Amino acid sequence: MRLGTRFLISGGLLLLAACTRTVIVQGPSRQPTGSRPPPRNPPGQDAPAQPPPPVVRTNEILIPPGHLPNPGECRIWIPGRAPGRQPRPRSRACAGIEALAPAGSWIVYRRADDQRLIYVRLIDERRPSIVIRNRIFDGNTWELLREEDVREERRGDDRQGQERPREQPVNPPPVVQPPGYRPQDLKPPEQRPPEQRPPEQRPPLPRPEIIPPIVPPPGQPAEQPRDTQPRRPPPPVQPPVQPPVQPPPRDTQPPPVQPPVPSVTLSIPPGHLPELGECRVWIPRLPPGQQPKPKSRACDGILGVAPAASWVLYRPADDRTVLHVRLIDERRAGVVVRIRVFDLDSKRLIREENP
């Protein structure tokens, strides 16, 4: 009985709950005003911080620090080529390096007084040895500092030794004058004609001063004036005695004295000499392994690539025992100033000739 009563009570409660309405009370909703959309994030939470944009750097130099030249020297760098395949030497003197730079290459230079700056000379892509642009980079940040134009200069011209006229500033500073300075009148003074007066208004002329003659004392002869004293005649000039002209002796002239040959020895290893009938460029005071290549080439046009203060070696095909060395001018590339002939067996200078 008790179990049935419980089931009846619970069923009645469920039936009563199903027939009763459920009322939900909701407050007025706030609608946003204006044209700005509502924030996506809930209030009290900040938006996630966005990462900063990457720093874009242009005109960077891509040369490893270990491949830069020594301070005060230069090297040739070909862009787009691996560092291990760059032309040697890594560091050399800057004199005459433009003559060896191929088209589209760079000439890298580091100053001795400021090692932070790296100077790069851009060679023309079609013409070798022609510098068209200068760029200056910062060695610490590897960024471009400034870019300069190259002034056209005539190679091999005598005007290189002359001084260039200094450029005048566009706005010169004002000249500060000391206190009390008065500028001088640059105009010449006006010249007025002399005033002409009538004879009645002219001032009287001063009377001439009369000097009495000097009377000598009695018993002393009168001194003659200097203008009236007799002059001694000059001594006669004798003509110079000329020695008799003797005819030159016949067949008695001494032979012409030849200039002494300086004691110069050849210091080029035999393995670095060019082939017979060919030439090569040799730079003094440079190790044999750092000499410009090729070791042997045709002699036609080799003076066009010979830098200043270099040598052009030539072995004649008809004589294997001699070597002709052409000395290039120390300031002008490709200009021969002296020719020396050496003996390859004794490595001594045989003779010296003019080009």
# chains A, B, ... in the order shown; residues from 1 in each chain; ligands from 1

call {"tool": "residues_around", "arguments": {"residues": "Glu148 (chain A)", "least_positions_apart": "4", "cutoff": "10 Å", "atoms": "only C-alpha atoms", "output": "list in words"}}
result
Arg121, Ile132, Arg133, Asn134, Arg135 and Ile136 of chain A

call {"tool": "write_last_selection", "arguments": {"atoms": "N, CA, C and O atoms", "output": "tab-separated table (two decimals), in the first residue's frame"}}
result
chain	number	residue	atom	x	y	z
A	121	ARG	N	84.49	49.73	-55.31
A	121	ARG	CA	84.43	50.36	-56.63
A	121	ARG	C	83.79	49.38	-57.60
A	121	ARG	O	84.27	48.27	-57.77
A	132	ILE	N	82.62	52.82	-62.51
A	132	ILE	CA	81.44	53.64	-62.77
A	132	ILE	C	80.76	54.12	-61.49
A	132	ILE	O	79.94	55.03	-61.56
A	133	ARG	N	81.08	53.54	-60.33
A	133	ARG	CA	80.38	53.92	-59.10
A	133	ARG	C	81.26	53.58	-57.90
A	133	ARG	O	82.01	52.60	-57.95
A	134	ASN	N	81.14	54.37	-56.85
A	134	ASN	CA	81.82	54.12	-55.57
A	134	ASN	C	80.78	53.99	-54.48
A	134	ASN	O	79.88	54.84	-54.36
A	135	ARG	N	80.90	52.95	-53.68
A	135	ARG	CA	79.99	52.72	-52.56
A	135	ARG	C	80.82	52.55	-51.29
A	135	ARG	O	81.87	51.91	-51.31
A	136	ILE	N	80.31	53.11	-50.19
A	136	ILE	CA	80.99	53.06	-48.90
A	136	ILE	C	80.07	52.34	-47.91
A	136	ILE	O	78.92	52.77	-47.70

call {"tool": "residues_around", "arguments": {"residues": "Gly66 (chain A)", "least_positions_apart": "5", "cutoff": "12 Å", "atoms": "only C-alpha atoms", "output": "PyMOL selection string"}}
result
chain A and resi 83-84+90-91

call {"tool": "closest_residue", "arguments": {"among": "A:Arg332, A:Thr265, A:Ile78, A:Pro87", "to": "Ser105 (chain A)", "atoms": "only C-alpha atoms"}}
result
A:Ile78

call {"tool": "atom_distance", "arguments": {"atom1": "CA of Leu100 (chain A)", "atom2": "CA of Leu68 (chain A)"}}
result
17.8 Å

call {"tool": "atom_distance", "arguments": {"atom1": "CA of Asp124 (chain A)", "atom2": "CA of Ala99 (chain A)"}}
result
12.7 Å

call {"tool": "residues_around", "arguments": {"residues": "region 112-119 of chain A", "least_positions_apart": "2", "cutoff": "10 Å", "atoms": "only C-alpha atoms", "output": "JSON list (two decimals) with N, CA and C atoms, in the first residue's frame"}}
result
[["chain", "number", "residue", "atom", "x", "y", "z"],
["A", 61, "ILE", "N", 76.51, 44.49, -48.41],
["A", 61, "ILE", "CA", 77.68, 43.85, -49.00],
["A", 61, "ILE", "C", 77.78, 42.45, -48.41],
["A", 68, "LEU", "N", 88.06, 39.83, -46.49],
["A", 68, "LEU", "CA", 88.33, 41.24, -46.76],
["A", 68, "LEU", "C", 89.84, 41.48, -46.84],
["A", 69, "PRO", "N", 90.29, 42.49, -47.60],
["A", 69, "PRO", "CA", 91.73, 42.78, -47.70],
["A", 69, "PRO", "C", 92.27, 43.37, -46.40],
["A", 70, "ASN", "N", 93.57, 43.43, -46.30],
["A", 70, "ASN", "CA", 94.22, 44.03, -45.13],
["A", 70, "ASN", "C", 94.02, 45.55, -45.15],
["A", 71, "PRO", "N", 94.11, 46.22, -44.00],
["A", 71, "PRO", "CA", 93.96, 47.69, -43.99],
["A", 71, "PRO", "C", 95.02, 48.34, -44.86],
["A", 72, "GLY", "N", 94.56, 49.26, -45.71],
["A", 72, "GLY", "CA", 95.44, 49.97, -46.63],
["A", 72, "GLY", "C", 95.69, 49.24, -47.93],
["A", 73, "GLU", "N", 95.02, 48.09, -48.19],
["A", 73, "GLU", "CA", 95.23, 47.32, -49.41],
["A", 73, "GLU", "C", 93.89, 47.03, -50.08],
["A", 74, "CYS", "N", 93.93, 46.39, -51.25],
["A", 74, "CYS", "CA", 92.74, 46.14, -52.07],
["A", 74, "CYS", "C", 92.70, 44.67, -52.46],
["A", 106, "TRP", "N", 84.10, 43.90, -58.57],
["A", 106, "TRP", "CA", 84.25, 44.95, -57.55],
["A", 106, "TRP", "C", 85.71, 45.03, -57.14],
["A", 107, "ILE", "N", 86.12, 46.23, -56.75],
["A", 107, "ILE", "CA", 87.44, 46.45, -56.14],
["A", 107, "ILE", "C", 87.18, 46.88, -54.70],
["A", 108, "VAL", "N", 87.53, 46.01, -53.75],
["A", 108, "VAL", "CA", 87.27, 46.24, -52.33],
["A", 108, "VAL", "C", 88.53, 46.86, -51.71],
["A", 109, "TYR", "N", 88.34, 47.94, -50.95],
["A", 109, "TYR", "CA", 89.46, 48.68, -50.35],
["A", 109, "TYR", "C", 89.12, 49.01, -48.90],
["A", 110, "ARG", "N", 90.10, 48.85, -48.00],
["A", 110, "ARG", "CA", 89.96, 49.21, -46.58],
["A", 110, "ARG", "C", 91.02, 50.23, -46.24],
["A", 121, "ARG", "N", 84.49, 49.73, -55.31],
["A", 121, "ARG", "CA", 84.43, 50.36, -56.63],
["A", 121, "ARG", "C", 83.79, 49.38, -57.60],
["A", 122, "LEU", "N", 82.71, 49.82, -58.25],
["A", 122, "LEU", "CA", 81.96, 48.97, -59.17],
["A", 122, "LEU", "C", 82.53, 49.15, -60.58],
["A", 134, "ASN", "N", 81.14, 54.37, -56.85],
["A", 134, "ASN", "CA", 81.82, 54.12, -55.57],
["A", 134, "ASN", "C", 80.78, 53.99, -54.48],
["A", 135, "ARG", "N", 80.90, 52.95, -53.68],
["A", 135, "ARG", "CA", 79.99, 52.72, -52.56],
["A", 135, "ARG", "C", 80.82, 52.55, -51.29],
["A", 136, "ILE", "N", 80.31, 53.11, -50.19],
["A", 136, "ILE", "CA", 80.99, 53.06, -48.90],
["A", 136, "ILE", "C", 80.07, 52.34, -47.91],
["A", 137, "PHE", "N", 80.56, 51.24, -47.32],
["A", 137, "PHE", "CA", 79.77, 50.42, -46.41],
["A", 137, "PHE", "C", 80.36, 50.52, -45.00],
["A", 138, "ASP", "N", 79.50, 50.19, -44.02],
["A", 138, "ASP", "CA", 79.90, 50.12, -42.62],
["A", 138, "ASP", "C", 80.28, 48.68, -42.33],
["A", 139, "GLY", "N", 81.53, 48.46, -41.88],
["A", 139, "GLY", "CA", 81.99, 47.10, -41.63],
["A", 139, "GLY", "C", 81.35, 46.44, -40.42],
["A", 140, "ASN", "N", 80.75, 47.21, -39.51],
["A", 140, "ASN", "CA", 80.11, 46.62, -38.32],
["A", 140, "ASN", "C", 78.67, 46.21, -38.61],
["A", 141, "THR", "N", 77.91, 47.06, -39.27],
["A", 141, "THR", "CA", 76.50, 46.76, -39.55],
["A", 141, "THR", "C", 76.27, 46.24, -40.96],
["A", 142, "TRP", "N", 77.29, 46.30, -41.85],
["A", 142, "TRP", "CA", 77.20, 45.82, -43.23],
["A", 142, "TRP", "C", 76.09, 46.53, -43.99],
["A", 144, "LEU", "N", 74.89, 50.10, -46.33],
["A", 144, "LEU", "CA", 75.41, 51.14, -47.23],
["A", 144, "LEU", "C", 75.29, 52.50, -46.57],
["A", 145, "LEU", "N", 76.41, 53.22, -46.49],
["A", 145, "LEU", "CA", 76.41, 54.57, -45.90],
["A", 145, "LEU", "C", 76.14, 55.63, -46.94],
["A", 147, "GLU", "N", 76.78, 56.68, -51.49],
["A", 147, "GLU", "CA", 77.16, 56.28, -52.84],
["A", 147, "GLU", "C", 77.62, 57.52, -53.60]]

call {"tool": "closest_residue", "arguments": {"among": "A:Gly96, A:Pro212, A:Pro89, A:Gly80", "to": "Ala308 (chain A)", "atoms": "only C-alpha atoms"}}
result
A:Gly96

call {"tool": "closest_residue", "arguments": {"among": "A:Gly334, A:Arg326, A:Arg92, A:Ser310", "to": "Glu353 (chain A)", "atoms": "only C-alpha atoms"}}
result
A:Arg326

call {"tool": "closest_residue", "arguments": {"among": "A:Ile76, A:Ala82, A:Ile211, A:Leu276", "to": "Gly104 (chain A)", "atoms": "only C-alpha atoms"}}
result
A:Ile76
